[in-house]
Structure formats: structure tokens, C-alpha cells
$ cat model_35.pdb   # PDB, C-alpha atoms
ATOM      1  CA  MET A   1     -29.590  -5.352   6.970
ATOM      2  CA  GLN A   2     -28.534  -1.762   7.675
ATOM      3  CA  MET A   3     -32.110  -1.084   8.776
ATOM      4  CA  ASN A   4     -31.871  -3.975  11.277
ATOM      5  CA  ARG A   5     -34.539  -5.938   9.414
ATOM      6  CA  PHE A   6     -32.527  -9.113   9.659
ATOM      7  CA  SER A   7     -35.274 -11.652   8.965
ATOM      8  CA  GLU A   8     -36.149  -9.962   5.672
ATOM      9  CA  ALA A   9     -32.485  -9.598   4.758
ATOM     10  CA  GLU A  10     -31.875 -13.269   5.488
ATOM     11  CA  SER A  11     -34.773 -14.294   3.236
ATOM     12  CA  MET A  12     -33.471 -12.155   0.370
ATOM     13  CA  LEU A  13     -29.950 -13.501   0.763
ATOM     14  CA  ASP A  14     -31.229 -17.083   0.809
ATOM     15  CA  LEU A  15     -33.155 -16.394  -2.393
ATOM     16  CA  SER A  16     -30.070 -14.943  -4.031
ATOM     17  CA  ASN A  17     -28.071 -17.966  -2.940
ATOM     18  CA  GLU A  18     -30.606 -20.335  -4.438
ATOM     19  CA  ARG A  19     -30.169 -18.639  -7.800
ATOM     20  CA  ASP A  20     -26.378 -18.640  -7.623
ATOM     21  CA  ASN A  21     -24.547 -20.398  -4.818
ATOM     22  CA  SER A  22     -21.070 -19.582  -6.123
ATOM     23  CA  ASP A  23     -20.880 -16.061  -4.682
ATOM     24  CA  GLY A  24     -18.713 -16.031  -1.571
ATOM     25  CA  LEU A  25     -19.953 -12.609  -0.505
ATOM     26  CA  VAL A  26     -23.540 -13.854  -0.349
ATOM     27  CA  TRP A  27     -22.478 -16.762   1.854
ATOM     28  CA  GLY A  28     -20.586 -14.337   4.069
ATOM     29  CA  TYR A  29     -23.499 -11.959   4.431
ATOM     30  CA  ILE A  30     -25.854 -14.833   5.203
ATOM     31  CA  ALA A  31     -23.533 -15.710   8.092
ATOM     32  CA  LEU A  32     -23.398 -12.076   9.228
ATOM     33  CA  CYS A  33     -27.155 -11.717   9.036
ATOM     34  CA  SER A  34     -27.646 -14.882  11.079
ATOM     35  CA  LEU A  35     -25.271 -13.668  13.781
ATOM     36  CA  LYS A  36     -26.992 -10.290  14.000
ATOM     37  CA  LEU A  37     -30.386 -11.942  14.094
ATOM     38  CA  MET A  38     -29.299 -14.113  17.019
ATOM     39  CA  LEU A  39     -27.888 -11.079  18.808
ATOM     40  CA  SER A  40     -31.112  -9.138  18.317
ATOM     41  CA  LYS A  41     -33.177 -12.027  19.710
ATOM     42  CA  GLY A  42     -30.746 -12.939  22.469
ATOM     43  CA  THR A  43     -30.380 -16.482  21.128
ATOM     44  CA  THR A  44     -26.593 -16.624  20.772
ATOM     45  CA  ASP A  45     -26.600 -19.982  22.554
ATOM     46  CA  ASP A  46     -28.439 -21.579  19.624
ATOM     47  CA  SER A  47     -25.892 -24.245  18.677
ATOM     48  CA  TYR A  48     -27.772 -25.243  15.519
ATOM     49  CA  ARG A  49     -27.702 -21.734  14.060
ATOM     50  CA  MET A  50     -24.101 -21.241  15.167
ATOM     51  CA  HIS A  51     -23.144 -24.380  13.295
ATOM     52  CA  ALA A  52     -24.991 -23.077  10.226
ATOM     53  CA  VAL A  53     -23.078 -19.783  10.489
ATOM     54  CA  ALA A  54     -19.783 -21.648  10.612
ATOM     55  CA  GLU A  55     -20.766 -23.658   7.533
ATOM     56  CA  CYS A  56     -21.638 -20.478   5.636
ATOM     57  CA  ILE A  57     -18.284 -18.912   6.530
ATOM     58  CA  THR A  58     -16.431 -22.051   5.482
ATOM     59  CA  GLN A  59     -18.229 -21.943   2.152
ATOM     60  CA  ALA A  60     -17.466 -18.234   1.755
ATOM     61  CA  MET A  61     -13.764 -18.812   2.442
ATOM     62  CA  SER A  62     -13.612 -21.658  -0.049
ATOM     63  CA  LEU A  63     -14.970 -19.293  -2.705
ATOM     64  CA  GLY A  64     -12.282 -16.726  -1.965
ATOM     65  CA  VAL A  65     -13.853 -13.895   0.014
ATOM     66  CA  ASP A  66     -11.423 -11.015   0.453
ATOM     67  CA  ASP A  67     -13.805  -8.298   1.649
ATOM     68  CA  ILE A  68     -12.069  -6.706   4.656
ATOM     69  CA  SER A  69     -15.176  -4.912   5.863
ATOM     70  CA  LEU A  70     -17.228  -8.116   5.825
ATOM     71  CA  LEU A  71     -14.549 -10.064   7.678
ATOM     72  CA  PHE A  72     -14.369  -7.300  10.276
ATOM     73  CA  GLN A  73     -18.139  -7.227  10.748
ATOM     74  CA  LEU A  74     -18.242 -11.005  11.125
ATOM     75  CA  SER A  75     -15.483 -10.901  13.741
ATOM     76  CA  VAL A  76     -17.232  -8.129  15.678
ATOM     77  CA  ALA A  77     -20.516 -10.054  15.630
ATOM     78  CA  TYR A  78     -18.745 -13.209  16.826
ATOM     79  CA  ALA A  79     -17.070 -11.218  19.610
ATOM     80  CA  LYS A  80     -20.440  -9.874  20.752
ATOM     81  CA  CYS A  81     -21.553 -13.484  20.981
ATOM     82  CA  ASP A  82     -18.471 -14.218  23.151
ATOM     83  CA  ARG A  83     -17.125 -16.382  20.346
ATOM     84  CA  TYR A  84     -13.584 -14.996  20.345
ATOM     85  CA  LYS A  85     -12.058 -18.212  19.072
ATOM     86  CA  GLU A  86     -14.153 -17.925  15.907
ATOM     87  CA  ALA A  87     -13.464 -14.185  15.598
ATOM     88  CA  SER A  88      -9.667 -14.543  15.751
ATOM     89  CA  PRO A  89      -8.952 -16.186  12.357
ATOM     90  CA  LEU A  90     -11.272 -13.718  10.632
ATOM     91  CA  LEU A  91      -9.374 -10.798  12.148
ATOM     92  CA  HIS A  92      -6.035 -12.382  11.267
ATOM     93  CA  MET A  93      -7.137 -12.729   7.664
ATOM     94  CA  ALA A  94      -8.512  -9.172   7.605
ATOM     95  CA  ILE A  95      -5.181  -7.792   8.879
ATOM     96  CA  GLN A  96      -3.260  -9.621   6.154
ATOM     97  CA  LEU A  97      -5.624  -8.340   3.464
ATOM     98  CA  ARG A  98      -5.461  -4.809   4.876
ATOM     99  CA  GLN A  99      -1.675  -4.856   4.795
ATOM    100  CA  GLN A 100      -1.730  -6.044   1.187
ATOM    101  CA  LEU A 101      -4.151  -3.251   0.380
ATOM    102  CA  ASN A 102      -1.880  -0.711   2.075
ATOM    103  CA  ASP A 103       1.023  -1.947  -0.038
ATOM    104  CA  ARG A 104      -1.027  -1.571  -3.215
ATOM    105  CA  ILE A 105      -2.086   1.932  -2.190
ATOM    106  CA  LEU A 106       1.546   2.945  -1.727
ATOM    107  CA  SER A 107       2.662   1.413  -4.994
ATOM    108  CA  ARG A 108      -0.126   3.146  -6.926
ATOM    109  CA  GLY A 109       0.306   6.460  -5.132
ATOM    110  CA  LEU A 110      -3.222   6.499  -3.718
ATOM    111  CA  THR A 111      -3.994   8.122  -0.378
ATOM    112  CA  GLU A 112      -6.012   6.632   2.440
ATOM    113  CA  MET A 113      -8.506   9.468   2.041
ATOM    114  CA  GLU A 114      -9.103   8.630  -1.627
ATOM    115  CA  LEU A 115      -9.656   5.025  -0.683
ATOM    116  CA  SER A 116     -12.092   5.709   2.149
ATOM    117  CA  SER A 117     -14.124   8.093  -0.019
ATOM    118  CA  ASN A 118     -15.568   5.094  -1.849
ATOM    119  CA  THR A 119     -15.860   2.483   0.853
ATOM    120  CA  SER A 120     -15.574   2.112   4.600
ATOM    121  CA  ILE A 121     -12.643  -0.121   5.435
ATOM    122  CA  PRO A 122     -11.260  -0.360   8.987
ATOM    123  CA  SER A 123      -7.636   0.614   9.467
ATOM    124  CA  ILE A 124      -5.040  -2.006  10.231
ATOM    125  CA  GLU A 125      -4.682  -0.477  13.721
ATOM    126  CA  THR A 126      -8.405  -0.935  14.367
ATOM    127  CA  LEU A 127      -8.173  -4.555  13.240
ATOM    128  CA  MET A 128      -5.100  -5.198  15.385
ATOM    129  CA  ASN A 129      -6.769  -3.721  18.456
ATOM    130  CA  CYS A 130      -9.778  -5.994  17.929
ATOM    131  CA  TYR A 131      -7.478  -8.973  17.376
ATOM    132  CA  GLY A 132      -5.692  -8.110  20.608
ATOM    133  CA  ASP A 133      -9.049  -8.018  22.415
ATOM    134  CA  ALA A 134      -9.895 -11.446  21.019
ATOM    135  CA  MET A 135      -6.557 -12.859  22.160
ATOM    136  CA  LYS A 136      -6.901 -11.333  25.639
ATOM    137  CA  SER A 137     -10.439 -12.669  25.980
ATOM    138  CA  GLN A 138      -9.101 -16.170  25.304
ATOM    139  CA  GLY A 139      -6.484 -15.785  28.034
ATOM    140  CA  LYS A 140      -3.674 -15.279  25.524
ATOM    141  CA  ASP A 141      -2.277 -12.217  27.276
ATOM    142  CA  LEU A 142       1.166 -12.188  25.675
ATOM    143  CA  GLU A 143      -0.243 -12.433  22.160
ATOM    144  CA  GLY A 144      -2.648  -9.610  22.945
ATOM    145  CA  LEU A 145       0.139  -7.521  24.452
ATOM    146  CA  GLU A 146       2.241  -7.921  21.317
ATOM    147  CA  LEU A 147      -0.641  -6.768  19.113
ATOM    148  CA  TYR A 148      -1.380  -3.725  21.276
ATOM    149  CA  GLN A 149       2.296  -2.747  21.300
ATOM    150  CA  SER A 150       2.360  -2.963  17.504
ATOM    151  CA  VAL A 151      -0.629  -0.617  17.349
ATOM    152  CA  ILE A 152       1.160   1.972  19.487
ATOM    153  CA  GLU A 153       4.344   1.722  17.418
ATOM    154  CA  ARG A 154       2.432   2.069  14.156
ATOM    155  CA  CYS A 155       0.403   5.046  15.406
ATOM    156  CA  ILE A 156       3.469   6.923  16.670
ATOM    157  CA  LEU A 157       5.294   6.237  13.403
ATOM    158  CA  PHE A 158       2.315   7.472  11.391
ATOM    159  CA  VAL A 159       2.046  10.691  13.402
ATOM    160  CA  ASP A 160       5.797  11.298  13.155
ATOM    161  CA  GLU A 161       5.611  10.878   9.383
ATOM    162  CA  SER A 162       2.608  13.218   9.222
ATOM    163  CA  LEU A 163       3.806  15.957  11.580
ATOM    164  CA  GLY A 164       7.547  15.418  11.503
ATOM    165  CA  ALA A 165       9.651  14.128  14.362
ATOM    166  CA  PRO A 166       8.959  15.926  17.670
ATOM    167  CA  ASN A 167      12.062  18.128  17.403
ATOM    168  CA  GLN A 168      10.989  19.212  13.926
ATOM    169  CA  THR A 169       7.536  20.503  14.807
ATOM    170  CA  GLU A 170       6.506  23.764  16.447
ATOM    171  CA  SER A 171       9.778  25.048  17.905
ATOM    172  CA  ALA A 172      11.738  24.220  14.756
ATOM    173  CA  ILE A 173       9.097  25.795  12.531
ATOM    174  CA  GLU A 174       9.054  28.975  14.603
ATOM    175  CA  GLN A 175      12.855  29.271  14.455
ATOM    176  CA  GLN A 176      12.830  28.729  10.703
ATOM    177  CA  GLU A 177      10.101  31.320  10.251
ATOM    178  CA  GLU A 178      12.045  33.877  12.296
ATOM    179  CA  GLN A 179      15.237  33.302  10.317
ATOM    180  CA  GLN A 180      13.485  33.571   6.966
ATOM    181  CA  THR A 181      11.497  36.632   8.064
ATOM    182  CA  ASN A 182      14.746  38.379   9.028
ATOM    183  CA  THR A 183      16.251  37.461   5.661
ATOM    184  CA  ILE A 184      13.245  38.862   3.803
ATOM    185  CA  GLN A 185      13.347  42.057   5.892
ATOM    186  CA  ASN A 186      17.052  42.532   5.107
ATOM    187  CA  ASN A 187      16.395  42.023   1.413
ATOM    188  CA  ASN A 188      13.596  44.598   1.495
ATOM    189  CA  ASP A 189      15.904  47.071   3.251
ATOM    190  CA  GLN A 190      18.555  46.581   0.560
ATOM    191  CA  VAL A 191      16.010  47.130  -2.191
ATOM    192  CA  ARG A 192      14.821  50.380  -0.619
ATOM    193  CA  GLU A 193      18.373  51.655  -0.149
ATOM    194  CA  GLY A 194      19.537  50.783  -3.641
ATOM    195  CA  GLY A 195      16.406  51.976  -5.374
ATOM    196  CA  SER A 196      17.326  50.005  -8.471
ATOM    197  CA  VAL A 197      14.810  47.225  -8.021
ATOM    198  CA  SER A 198      11.071  47.699  -7.836
ATOM    199  CA  THR A 199       9.119  44.831  -6.346
ATOM    200  CA  GLY A 200       5.713  46.261  -7.224
ATOM    201  CA  LEU A 201       4.599  45.355  -3.700
ATOM    202  CA  GLY A 202       4.121  47.196  -0.432
ATOM    203  CA  GLU A 203       6.926  47.184   2.137
ATOM    204  CA  ASP A 204       5.378  44.402   4.214
ATOM    205  CA  SER A 205       4.022  42.345   1.321
ATOM    206  CA  SER A 206       6.951  39.918   1.198
ATOM    207  CA  ILE A 207       6.664  39.237   4.900
ATOM    208  CA  GLU A 208       2.899  38.834   4.698
ATOM    209  CA  SER A 209       3.286  36.452   1.768
ATOM    210  CA  PHE A 210       5.830  34.386   3.674
ATOM    211  CA  SER A 211       3.633  34.337   6.758
ATOM    212  CA  ALA A 212       0.753  32.941   4.720
ATOM    213  CA  GLU A 213       3.008  30.277   3.207
ATOM    214  CA  SER A 214       4.529  29.316   6.553
ATOM    215  CA  SER A 215       1.071  29.089   8.134
ATOM    216  CA  ALA A 216       0.050  26.713   5.378
ATOM    217  CA  ARG A 217       3.078  24.561   6.223
ATOM    218  CA  ARG A 218       2.198  24.266   9.911
ATOM    219  CA  PRO A 219       1.264  20.726  10.948
ATOM    220  CA  GLU A 220      -2.443  20.069  11.139
ATOM    221  CA  ILE A 221      -4.420  17.481  13.071
ATOM    222  CA  THR A 222      -6.151  15.572  10.287
ATOM    223  CA  THR A 223      -8.935  13.037  10.633
ATOM    224  CA  GLU A 224      -6.391  10.268  10.097
ATOM    225  CA  ILE A 225      -4.234  11.569  12.959
ATOM    226  CA  LYS A 226      -7.274  11.770  15.245
ATOM    227  CA  GLU A 227      -8.127   8.169  14.370
ATOM    228  CA  ALA A 228      -4.543   7.092  15.050
ATOM    229  CA  LEU A 229      -4.662   8.858  18.419
ATOM    230  CA  SER A 230      -7.919   7.085  19.270
ATOM    231  CA  GLU A 231      -6.524   3.652  18.400
ATOM    232  CA  LEU A 232      -3.299   4.381  20.296
ATOM    233  CA  ASN A 233      -5.217   5.271  23.445
ATOM    234  CA  LYS A 234      -7.367   2.140  23.125
ATOM    235  CA  ALA A 235      -4.257  -0.009  22.807
ATOM    236  CA  ALA A 236      -2.567   1.821  25.690
ATOM    237  CA  ALA A 237      -5.547   1.200  27.985
ATOM    238  CA  SER A 238      -5.458  -2.503  27.146
ATOM    239  CA  ILE A 239      -1.687  -2.729  27.661
ATOM    240  CA  ASP A 240      -2.032  -0.863  30.952
ATOM    241  CA  SER A 241      -4.390  -3.492  32.345
ATOM    242  CA  LEU A 242      -2.289  -6.385  31.026
ATOM    243  CA  LEU A 243       1.004  -5.052  32.397
ATOM    244  CA  ALA A 244      -0.627  -4.414  35.760
ATOM    245  CA  LYS A 245      -1.990  -7.959  35.725
ATOM    246  CA  LEU A 246       1.456  -9.357  34.828
ATOM    247  CA  GLY A 247       3.198  -7.216  37.455
ATOM    248  CA  ARG A 248       5.491  -5.508  34.929
ATOM    249  CA  THR A 249       5.521  -2.167  36.743
ATOM    250  CA  SER A 250       8.601  -0.642  35.102
ATOM    251  CA  GLU A 251       7.123  -1.139  31.624
ATOM    252  CA  LEU A 252       3.811   0.215  32.901
ATOM    253  CA  LYS A 253       5.426   3.478  34.022
ATOM    254  CA  GLN A 254       7.219   3.871  30.697
ATOM    255  CA  LEU A 255       4.009   3.210  28.781
ATOM    256  CA  ARG A 256       2.072   5.814  30.743
ATOM    257  CA  PHE A 257       4.827   8.377  30.221
ATOM    258  CA  THR A 258       4.993   7.690  26.455
ATOM    259  CA  VAL A 259       1.233   7.953  26.036
ATOM    260  CA  LYS A 260       1.066  11.108  28.151
ATOM    261  CA  MET A 261       3.772  12.844  26.080
ATOM    262  CA  PHE A 262       2.193  11.698  22.820
ATOM    263  CA  ASN A 263      -1.219  13.088  23.764
ATOM    264  CA  LYS A 264       0.390  16.322  24.969
ATOM    265  CA  ARG A 265       2.153  16.709  21.655
ATOM    266  CA  ILE A 266      -1.066  16.258  19.685
ATOM    267  CA  GLU A 267      -2.849  18.708  21.981
ATOM    268  CA  GLU A 268      -0.130  21.348  21.492
ATOM    269  CA  VAL A 269      -0.158  20.979  17.718
ATOM    270  CA  GLY A 270      -3.966  21.174  17.702
ATOM    271  CA  THR A 271      -3.920  24.359  19.786
ATOM    272  CA  THR A 272      -1.346  25.956  17.500
ATOM    273  CA  THR A 273      -3.368  25.033  14.423
ATOM    274  CA  ILE A 274      -6.527  26.587  15.870
ATOM    275  CA  GLU A 275      -4.693  29.804  16.737
TER     276      GLU A 275
END

$ encode --input "model_35.pdb" --output "C-alpha cells"
Amino acid sequence: MQMNRFSEAESMLDLSNERDNSDGLVWGYIALCSLKLMLSKGTTDDSYRMHAVAECITQAMSLGVDDISLLFQLSVAYAKCDRYKEASPLLHMAIQLRQQLNDRILSRGLTEMELSSNTSIPSIETLMNCYGDAMKSQGKDLEGLELYQSVIERCILFVDESLGAPNQTESAIEQQEEQQTNTIQNNNDQVREGGSVSTGLGEDSSIESFSAESSARRPEITTEIKEALSELNKAAASIDSLLAKLGRTSELKQLRFTVKMFNKRIEEVGTTTIE
């Protein structure tokens, strides 16, 4: 299927299903393969095949499919077919499963990076943005707006937890470095005057050592932060259009200001990290 050879993939999946029809994943991938095959042929108006896809998904759900990536791919394929009503429950289920997975990761002390090293699973923000798109496409503007706003709140919270609150980033770090550098310099001066303590290091070694440590503590723009920034900007663009449509100009101005300051902050931290 990854090679876009959907007809062959569908035949192999059908064969596997004939041997064992109790595997929910197989049913799910048959549905996904059918959707992609219709998209590739431009036959998304084929009601018979669409009904067959729905039956496969129903069967998959009854067998307990909890594969977030599969649910996401099915929802994306449905959305490309302009079937947002069918995509919505799949995204809702994927979000719930992703949140449960996040909770398990926290309880077991695993990081998102360790998780994604083994499998590609969309973030909850990605899923919520897609769910918001599905709601908006069905004319459910308020539901979409709520989802997009949640994405922005989650992304800002994540970045604050990763980099520290805005007043604890660059300026605070620089002040702390200056204070500690002065303290180290004073200590070195006292050692030289007293002559009773030998550090075994050059005069500037303590300062150089501190500088290396403080540089290591500087906030860095990780891949996860870049992804959060991307999802935030996607959500902001969607909210922008919805608020303009709804005539909520005061909220629109506040949104644009918040997004502008957030992007500026990330840009400043990124520049500092590079230097």
C-alpha cells in the first residue's frame, strides 16, 4: 500500500481476511485500501464501494481496533473524499485513544521521542486540528472553533513547560549567568589572595566551566516544539477565518497578537540557540 499499488494490496488483504476474519486491523486496512483506490481512480462517488468501506470499518470497530495511526489515515482518506461526516467519529476516537496513550506515557515515564522512535503516531494537536477541519466543513463552526482554541492552548502550555514561562527564558537566564559569573570571579579572587587553596585550574577555568554548563541549560527549539508551533499556526489560521466570518473582531485582534508574540518568542529563542 505504501508503494501505491492499491489493487495488489487489496487482493492480499482480502486473502488474509479469508484465512482469518477476526482481525480488526485487516478489516480496517481493507477499508483504507479501498478509499485510496477510489481516490487514485477518481471514483469517490461510487456508492457501492463506499458502503463496503463503511461495512469494513463497522466490522473493524466491533473487533476492537485501537490503532491511532490507522484511524487517522482512514479519517484523512474520508476527508479527501469530502466525507467529513464519516471522518469525524474516527477522529474523535483517535483523540480519545491518543489522550489515553499520553496518560500511559506519563505514568510510565516514557518520552514522546522514545515513543515515536518505534512508530509514527500523530500528536493529539494534529488530530484535533483535523477534527476541527471536519467540523468546520460540516458547517459546525462553533465546534470547530472550540477544537482550534484547544490546540492553541495546548501548544502554548507545551512550549511554556519546555522553555519555561516567557519571563523565565532569555533575560532571566542572562541575569542568572551574570550573577553566578560574578560570584565565581569573587571566589577566584579570594583564593588567589589567600593562597591557601589550590584549585588545580587556570584562572578562567571556573568561569569557562560555568559558561559551558549555562550554555547547555539554554532553551533549545526541539523537533517537538517546531511541531507544536506548526500545529498552533494551522489552528490560528483556521480560527482567524472563523472569527472573521462570525464578526468577532475583538477576539480576532487578540488572537493575532497572541500568535504574533508566540512566534516572535520562538524566533528569538531559536536565534539565541544558534548563536

$ resolve_selection --input "model_35.pdb" --expression "the PyMOL selection byres ((chain A and resi 85) around 10)" --output "tab-separated table (two decimals) with C-alpha atoms, in the frame of the given file"
chain	number	residue	atom	x	y	z
A	75	SER	CA	-15.48	-10.90	13.74
A	78	TYR	CA	-18.74	-13.21	16.83
A	79	ALA	CA	-17.07	-11.22	19.61
A	82	ASP	CA	-18.47	-14.22	23.15
A	83	ARG	CA	-17.12	-16.38	20.35
A	84	TYR	CA	-13.58	-15.00	20.34
A	86	GLU	CA	-14.15	-17.92	15.91
A	87	ALA	CA	-13.46	-14.18	15.60
A	88	SER	CA	-9.67	-14.54	15.75
A	89	PRO	CA	-8.95	-16.19	12.36
A	90	LEU	CA	-11.27	-13.72	10.63
A	134	ALA	CA	-9.90	-11.45	21.02
A	135	MET	CA	-6.56	-12.86	22.16
A	137	SER	CA	-10.44	-12.67	25.98
A	138	GLN	CA	-9.10	-16.17	25.30

$ atom_distance --input "model_35.pdb" --atom1 "atom CA of A:Lys140" --atom2 "atom CA of A:Arg248"
16.4 Å

$ resolve_selection --input "model_35.pdb" --expression "the PyMOL selection byres ((chain A and resi 155) around 9)" --output "NGL selection string"
:A and (125 or 150-154 or 156-160 or 225 or 228-229 or 231-232)

$ write_last_selection --input "model_35.pdb" --atoms "C-alpha atoms" --output "PDB file, keeping the file's coordinate frame"
ATOM      1  CA  GLU A 125      -4.682  -0.477  13.721  1.00  0.00           C
ATOM      2  CA  SER A 150       2.360  -2.963  17.504  1.00  0.00           C
ATOM      3  CA  VAL A 151      -0.629  -0.617  17.349  1.00  0.00           C
ATOM      4  CA  ILE A 152       1.160   1.972  19.487  1.00  0.00           C
ATOM      5  CA  GLU A 153       4.344   1.722  17.418  1.00  0.00           C
ATOM      6  CA  ARG A 154       2.432   2.069  14.156  1.00  0.00           C
ATOM      7  CA  ILE A 156       3.469   6.923  16.670  1.00  0.00           C
ATOM      8  CA  LEU A 157       5.294   6.237  13.403  1.00  0.00           C
ATOM      9  CA  PHE A 158       2.315   7.472  11.391  1.00  0.00           C
ATOM     10  CA  VAL A 159       2.046  10.691  13.402  1.00  0.00           C
ATOM     11  CA  ASP A 160       5.797  11.298  13.155  1.00  0.00           C
ATOM     12  CA  ILE A 225      -4.234  11.569  12.959  1.00  0.00           C
ATOM     13  CA  ALA A 228      -4.543   7.092  15.050  1.00  0.00           C
ATOM     14  CA  LEU A 229      -4.662   8.858  18.419  1.00  0.00           C
ATOM     15  CA  GLU A 231      -6.524   3.652  18.400  1.00  0.00           C
ATOM     16  CA  LEU A 232      -3.299   4.381  20.296  1.00  0.00           C
TER      17      LEU A 232
END

$ resolve_selection --input "model_35.pdb" --expression "the PyMOL selection byres ((chain A and resi 63) around 9)" --output "PDB file with C-alpha atoms, in the coordinates of the input"
ATOM      1  CA  SER A  22     -21.070 -19.582  -6.123  1.00  0.00           C
ATOM      2  CA  ASP A  23     -20.880 -16.061  -4.682  1.00  0.00           C
ATOM      3  CA  GLY A  24     -18.713 -16.031  -1.571  1.00  0.00           C
ATOM      4  CA  LEU A  25     -19.953 -12.609  -0.505  1.00  0.00           C
ATOM      5  CA  THR A  58     -16.431 -22.051   5.482  1.00  0.00           C
ATOM      6  CA  GLN A  59     -18.229 -21.943   2.152  1.00  0.00           C
ATOM      7  CA  ALA A  60     -17.466 -18.234   1.755  1.00  0.00           C
ATOM      8  CA  MET A  61     -13.764 -18.812   2.442  1.00  0.00           C
ATOM      9  CA  SER A  62     -13.612 -21.658  -0.049  1.00  0.00           C
ATOM     10  CA  GLY A  64     -12.282 -16.726  -1.965  1.00  0.00           C
ATOM     11  CA  VAL A  65     -13.853 -13.895   0.014  1.00  0.00           C
TER      12      VAL A  65
END

$ atom_distance --input "model_35.pdb" --atom1 "atom CA of A:Ile105" --atom2 "atom CA of A:Ile221"
21.9 Å

$ atom_distance --input "model_35.pdb" --atom1 "atom CA of A:Asn129" --atom2 "atom CA of A:Glu146"
10.3 Å

$ axis_aligned_box --input "model_35.pdb" --around "stretch 53-56 of chain A" --padding-each-side "6 Å" --output "AutoDock Vina command-line options"
--center_x -21.4 --center_y -21.7 --center_z 8.1 --size_x 15.3 --size_y 15.9 --size_z 17.0

$ closest_atom_pairs --input "model_35.pdb" --of "stretch 19-80 of chain A" --to "stretch 8-11 of chain A" --cutoff "9 Å" --atoms "all atoms listed in the file" --output "tab-separated table"
residue	atom	partner	partner_atom	distance
A:Tyr29	CA	A:Glu10	CA	8.5
A:Ile30	CA	A:Glu10	CA	6.2
A:Cys33	CA	A:Glu10	CA	6.1
A:Ser34	CA	A:Glu10	CA	7.2
A:Leu37	CA	A:Glu10	CA	8.8

$ closest_residue --input "model_35.pdb" --among "A:Cys130, A:Leu70, A:Ala235, A:Met261" --to "A:Trp27" --atoms "all atoms listed in the file"
A:Leu70

$ closest_residue --input "model_35.pdb" --among "A:Leu243, A:Thr258, A:Arg98, A:Ser250" --to "A:Asp141" --atoms "all atoms listed in the file"
A:Leu243

$ residues_around --input "model_35.pdb" --residues "A:Ala77" --least-positions-apart "5" --cutoff "8 Å" --atoms "all atoms listed in the file" --output "number ranges by chain"
A: 32, 35-36

$ write_last_selection --input "model_35.pdb" --atoms "C-alpha atoms" --output "JSON list (two decimals), in the coordinates of the input"
[["chain", "number", "residue", "atom", "x", "y", "z"],
["A", 32, "LEU", "CA", -23.40, -12.08, 9.23],
["A", 35, "LEU", "CA", -25.27, -13.67, 13.78],
["A", 36, "LYS", "CA", -26.99, -10.29, 14.00]]

$ closest_residue --input "model_35.pdb" --among "A:Ile121, A:Ala94, A:Val76, A:Ala236" --to "A:Asn263" --atoms "all atoms listed in the file"
A:Ala236

$ build_atoms --input "model_35.pdb" --residues "stretch 35-51 of chain A" --atoms "N, CA and C atoms" --output "PDB file, keeping the file's coordinate frame"
ATOM      1  N   LEU A  35     -25.858 -14.072  12.506  1.00  0.00           N
ATOM      2  CA  LEU A  35     -25.271 -13.668  13.781  1.00  0.00           C
ATOM      3  C   LEU A  35     -26.003 -12.461  14.372  1.00  0.00           C
ATOM      4  N   LYS A  36     -26.298 -11.486  13.516  1.00  0.00           N
ATOM      5  CA  LYS A  36     -26.992 -10.290  14.000  1.00  0.00           C
ATOM      6  C   LYS A  36     -28.422 -10.604  14.425  1.00  0.00           C
ATOM      7  N   LEU A  37     -29.028 -11.537  13.733  1.00  0.00           N
ATOM      8  CA  LEU A  37     -30.386 -11.942  14.094  1.00  0.00           C
ATOM      9  C   LEU A  37     -30.397 -12.615  15.466  1.00  0.00           C
ATOM     10  N   MET A  38     -29.402 -13.463  15.712  1.00  0.00           N
ATOM     11  CA  MET A  38     -29.299 -14.113  17.019  1.00  0.00           C
ATOM     12  C   MET A  38     -29.027 -13.088  18.115  1.00  0.00           C
ATOM     13  N   LEU A  39     -28.185 -12.116  17.824  1.00  0.00           N
ATOM     14  CA  LEU A  39     -27.888 -11.079  18.808  1.00  0.00           C
ATOM     15  C   LEU A  39     -29.133 -10.258  19.132  1.00  0.00           C
ATOM     16  N   SER A  40     -29.907  -9.951  18.100  1.00  0.00           N
ATOM     17  CA  SER A  40     -31.112  -9.138  18.317  1.00  0.00           C
ATOM     18  C   SER A  40     -32.170  -9.880  19.121  1.00  0.00           C
ATOM     19  N   LYS A  41     -32.189 -11.209  18.989  1.00  0.00           N
ATOM     20  CA  LYS A  41     -33.177 -12.027  19.710  1.00  0.00           C
ATOM     21  C   LYS A  41     -32.646 -12.600  21.019  1.00  0.00           C
ATOM     22  N   GLY A  42     -31.336 -12.385  21.259  1.00  0.00           N
ATOM     23  CA  GLY A  42     -30.746 -12.939  22.469  1.00  0.00           C
ATOM     24  C   GLY A  42     -30.642 -14.446  22.453  1.00  0.00           C
ATOM     25  N   THR A  43     -30.442 -15.012  21.254  1.00  0.00           N
ATOM     26  CA  THR A  43     -30.380 -16.482  21.128  1.00  0.00           C
ATOM     27  C   THR A  43     -28.992 -16.938  20.679  1.00  0.00           C
ATOM     28  N   THR A  44     -27.958 -16.293  21.206  1.00  0.00           N
ATOM     29  CA  THR A  44     -26.593 -16.624  20.772  1.00  0.00           C
ATOM     30  C   THR A  44     -26.131 -17.997  21.252  1.00  0.00           C
ATOM     31  N   ASP A  45     -26.934 -18.632  22.101  1.00  0.00           N
ATOM     32  CA  ASP A  45     -26.600 -19.982  22.554  1.00  0.00           C
ATOM     33  C   ASP A  45     -27.221 -21.053  21.674  1.00  0.00           C
ATOM     34  N   ASP A  46     -27.809 -20.638  20.557  1.00  0.00           N
ATOM     35  CA  ASP A  46     -28.439 -21.579  19.624  1.00  0.00           C
ATOM     36  C   ASP A  46     -27.332 -22.306  18.848  1.00  0.00           C
ATOM     37  N   SER A  47     -26.999 -23.491  19.274  1.00  0.00           N
ATOM     38  CA  SER A  47     -25.892 -24.245  18.677  1.00  0.00           C
ATOM     39  C   SER A  47     -26.155 -24.614  17.224  1.00  0.00           C
ATOM     40  N   TYR A  48     -27.436 -24.873  16.900  1.00  0.00           N
ATOM     41  CA  TYR A  48     -27.772 -25.243  15.519  1.00  0.00           C
ATOM     42  C   TYR A  48     -27.472 -24.091  14.573  1.00  0.00           C
ATOM     43  N   ARG A  49     -27.942 -22.890  14.927  1.00  0.00           N
ATOM     44  CA  ARG A  49     -27.702 -21.734  14.060  1.00  0.00           C
ATOM     45  C   ARG A  49     -26.220 -21.370  14.027  1.00  0.00           C
ATOM     46  N   MET A  50     -25.530 -21.536  15.148  1.00  0.00           N
ATOM     47  CA  MET A  50     -24.101 -21.241  15.167  1.00  0.00           C
ATOM     48  C   MET A  50     -23.342 -22.180  14.234  1.00  0.00           C
ATOM     49  N   HIS A  51     -23.774 -23.426  14.213  1.00  0.00           N
ATOM     50  CA  HIS A  51     -23.144 -24.380  13.295  1.00  0.00           C
ATOM     51  C   HIS A  51     -23.416 -23.986  11.848  1.00  0.00           C
TER      52      HIS A  51
END
